[in-house]
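Asks: Have a look at this one.
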Amino acid sequence: MIRFENVFKKYERNGITTQALNNINLTIRKGDIYGIIGYSGAGKSTLVRLINFLEKPTKGNVIIQNQVLNQLSNSELRQVRRKIGMIFQHFNLLESKTVFENIAIPLILLKEKKQTIQKRVHELLAFVGLSEKANSYPKELSGGQKQRIGIARALANNPDILLCDEATSALDPQTTQDILDLIKKINERYQITVVLITHEMHVIEQICHKVAVMEKGEIIEHGNVLDVFGHPKHQTTQNFVSTVINDQIPDGVVKNLLALEKTKDNIRLFKLEFLGSSASEPVVNKLILQQKVIVNILFAHMSEIQNTVLGSMFVQLKGNDNHINDSVNYLCQHGVQVTEINHWESN
Ligand SMILES: Nc1ncnc2c1ncn2[C@@H]1O[C@H](COP(=O)(O)OP(=O)(O)OP(=O)(O)O)[C@@H](O)[C@H]1O
C-alpha cells in the first residue's frame, strides 16, 4: 500500500517558489492500477517521484508498505527502491548497451551471479515478446519495442510497484494499446501495484481501476474510474471525461427542440443515463412497445469501462403529461437516471 499523508512539496529555484503539491492525502491499495491525470504542471510527476523518493516532501509523509520514507536510513531506502520499477515516456535506455545489457543493469547493480542474470533476462525478454532482440541496440528498435525493453528492465528485480510516467505518450494508438495490455497483464499476473500518470483520459479508461484528478498541486477528485466517469463533479474532470465520453448534443439542435417544445405542450426533452445492468436491459425498447408515449431518440452514446457499460441518451417523449410521467417512473424503476431538460445552458 502507498499512502500520502498531508504531503506538501515546494520547489525553490532562482528566488522563485513553486508549490508543486498542496496537502495531498491519497491511499493506493496493493494490486490497484491507479491513474493520476491532470494538465501539464498539475504536479503529477512530482507526486510519482515522491513514491521512489527521487523527490522528498517539504512537509508530510509518504508511506510505503507501512514504512515512512523520510524516517528510513539510506540502506533501508535502497531496499524500498529496489521493489519499485519505473518506466518513462522516452524509455531511458542506454544507447551504447544491447537490449540484454539494458535489462541486466538492475541485476548487475545487485551483484547477481552471471547465470542468474542470464536466466532472468531471457525470461523477461520472453515475457515482453522480444526474445529475438537480445543482441540488438536500442536504435534498432521501434518505440513500442523500446518501451517493452523499458518494462522488462523495470521488472528485473520483481518489483511490488510499477510507476509509469506518461509511458505511452510517445507511441501511436495501436502501440499504446499493446503497451497498456502488457501493463494490465503484469498487474494481473504478478499483482504488481501500478501507478500511472497521464494527461490522456483514454489511458485511464482502458486499464485503471482508480483515478485521481490533479489540478494546481491538489487532488480535486478521486475514486473508482466508473464513478468518476459516470458522475464527474469538478469542471476539469468533466473536461477530461468529455474527451472519451461524448454525451452532449449540439447546442443548436437542443435550442431548436426547446423552442418547438414551447409551441407543443406535450413534447418534453430528457437526458437518460445508464450504468451497468440498466444499460444492458432493453428498457427504452420496452417503453416504445408500450405505445403510451412516442419516443424520439435524438442522440446516444455507450462506453465500456471496467467491463461495465456506461451510456447516455437524449430523448423526446411525446404524449399527455400523465403518460410521460408514468414513462419516467418506469425508466427510474429500471435503474435509469432521468433528467428533464427545461432550459439549455451551452457548455
Ligand atoms: N525540479 C524542479 N524545480 C522547480 N520547479 C519544478 C521542478 N519540478 C517541477 N517543478 C514545477 O512544479 C510544478 C509541478 O510540476 P510537475 O512536473 O510535477 O507537473 P506535471 O503535472 O507532471 O506536468 P507535466 O505533465 O508537464 O509533466 C510545475 O509548476 C513545475 O514547473
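We label chains A, B, ... in the order they appear in the C-alpha cells, count residues from 1 in each chain, and number ligands from 1 in the order shown.
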When the cut-off is 6 Å and you count only C-alpha atoms and all ligand atoms, which residues lie near ligand 1, shown as a PyMOL selection string?
Replies: chain A and resi 11+13+18+20+38-46
Asks: Tell me which protein, DNA and RNA residues are within 8 Å of A:Ile197, counting only C-alpha atoms, leaving out same-chain ones fewer than 6 positions away, and put them as a list in words.
Replies: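 Answer for this query is Gly35, Ile36, Ile37, Lys44, Ser45, Val48, Cys164, Asp165 and Glu166 of chain A.
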Asks: Set the distance at 10 Å and use only C-alpha atoms: which residues neighbour stretch 324-340 of chain A once local chain neighbours fewer than 6 positions away are removed? I'd like the list as a PyMOL selection string.
Replies: chain A and resi 266-279+281-284+286-288+290+292-295+311-318
Asks: Please provide the set of residues having any atom within 10 Å of A:Phe8, restricted to only C-alpha atoms, with same-chain residues fewer than 5 positions apart removed, written as a list in words.
Replies: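 Selected residues are Gln19, Ala20, Leu21, Asn22, Asn23, Ile24, Asn25, Leu47, Lys56, Pro57, Thr58, Lys59, Gly60, Asn61, Gly217 and Glu218 of chain A.
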Asks: Please report, as a PyMOL selection string, each residue of stretch 20-245 of chain A to which DSSP assigns helix (DSSP H, G or I) when run on this structure's backbone.
Replies: chain A and resi 44-51+69-71+74-82+99-109+114-127+131-133+138-140+143-155+173-190+201-207+225-230+235-242
Asks: For A:Ile87, which of A:Ala154, A:Val228, A:Met1, A:Cys208 is the closest residue, counting only C-alpha atoms?
Replies: A:Ala154
Asks: Which residues of stretch 44-130 of chain A come within 12 Å of stretch 179-184 of chain A, and what is each one's closest atom pair and distance in Å (one decimal), counting only C-alpha atoms, sorted by chain and residue number, as JSON lines?
Replies:
{"residue": "A:Met86", "atom": "CA", "partner": "A:Ile183", "partner_atom": "CA", "distance": 11.9}
{"residue": "A:Ile87", "atom": "CA", "partner": "A:Ile183", "partner_atom": "CA", "distance": 10.7}
{"residue": "A:Gln89", "atom": "CA", "partner": "A:Ile179", "partner_atom": "CA", "distance": 11.9}
{"residue": "A:Phe127", "atom": "CA", "partner": "A:Leu182", "partner_atom": "CA", "distance": 9.3}
{"residue": "A:Val128", "atom": "CA", "partner": "A:Leu182", "partner_atom": "CA", "distance": 7.7}
{"residue": "A:Gly129", "atom": "CA", "partner": "A:Leu182", "partner_atom": "CA", "distance": 10.1}
Asks: Limited to C-alpha atoms, could you put the picked residues into a file as a PDB file, in the first residue's frame?
Replies:
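So the final result, stored in part06.pdb, reads:
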ATOM      1  CA  MET A  86       9.708   2.754 -13.277  1.00  0.00           C
ATOM      2  CA  ILE A  87       9.052   3.299 -16.965  1.00  0.00           C
ATOM      3  CA  GLN A  89       7.854   8.443 -21.799  1.00  0.00           C
ATOM      4  CA  PHE A 127       7.584 -12.219 -21.258  1.00  0.00           C
ATOM      5  CA  VAL A 128       7.643  -8.988 -23.280  1.00  0.00           C
ATOM      6  CA  GLY A 129       7.767 -10.926 -26.564  1.00  0.00           C
TER       7      GLY A 129
END
Asks: Would you please work out which residue, of A:Glu95, A:Asp160, A:Glu5, A:Glu123, is nearest to A:Gln65 when using only C-alpha atoms?
Replies: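 Answer, going by the shortest atom-to-atom distance: A:Asp160.
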Asks: Near A:Gly31, counting only C-alpha atoms, which residues have an atom at most 6 Å away, once you skip same-chain residues fewer than 3 positions from it, shown as a VMD selection string?
Replies: chain A and resid 191 to 193
Asks: Output C-alpha atoms for every residue in that selection, as a compact mmCIF listing (two decimals), in the first residue's frame.
Replies:
# COMPACT_ATOMS: atom_id res chain seq x y z
CA GLN A 191 -0.31 -8.49 -8.52
CA ILE A 192 2.03 -5.52 -9.00
CA THR A 193 0.54 -2.19 -7.95
Asks: If we count only C-alpha atoms and set the cut-off at 9 Å, which residues sit around A:Asp172, ignoring sequence neighbours fewer than 5 positions away in its own chain? Please answer as a VMD selection string.
Replies: chain A and resid 143 to 144 177
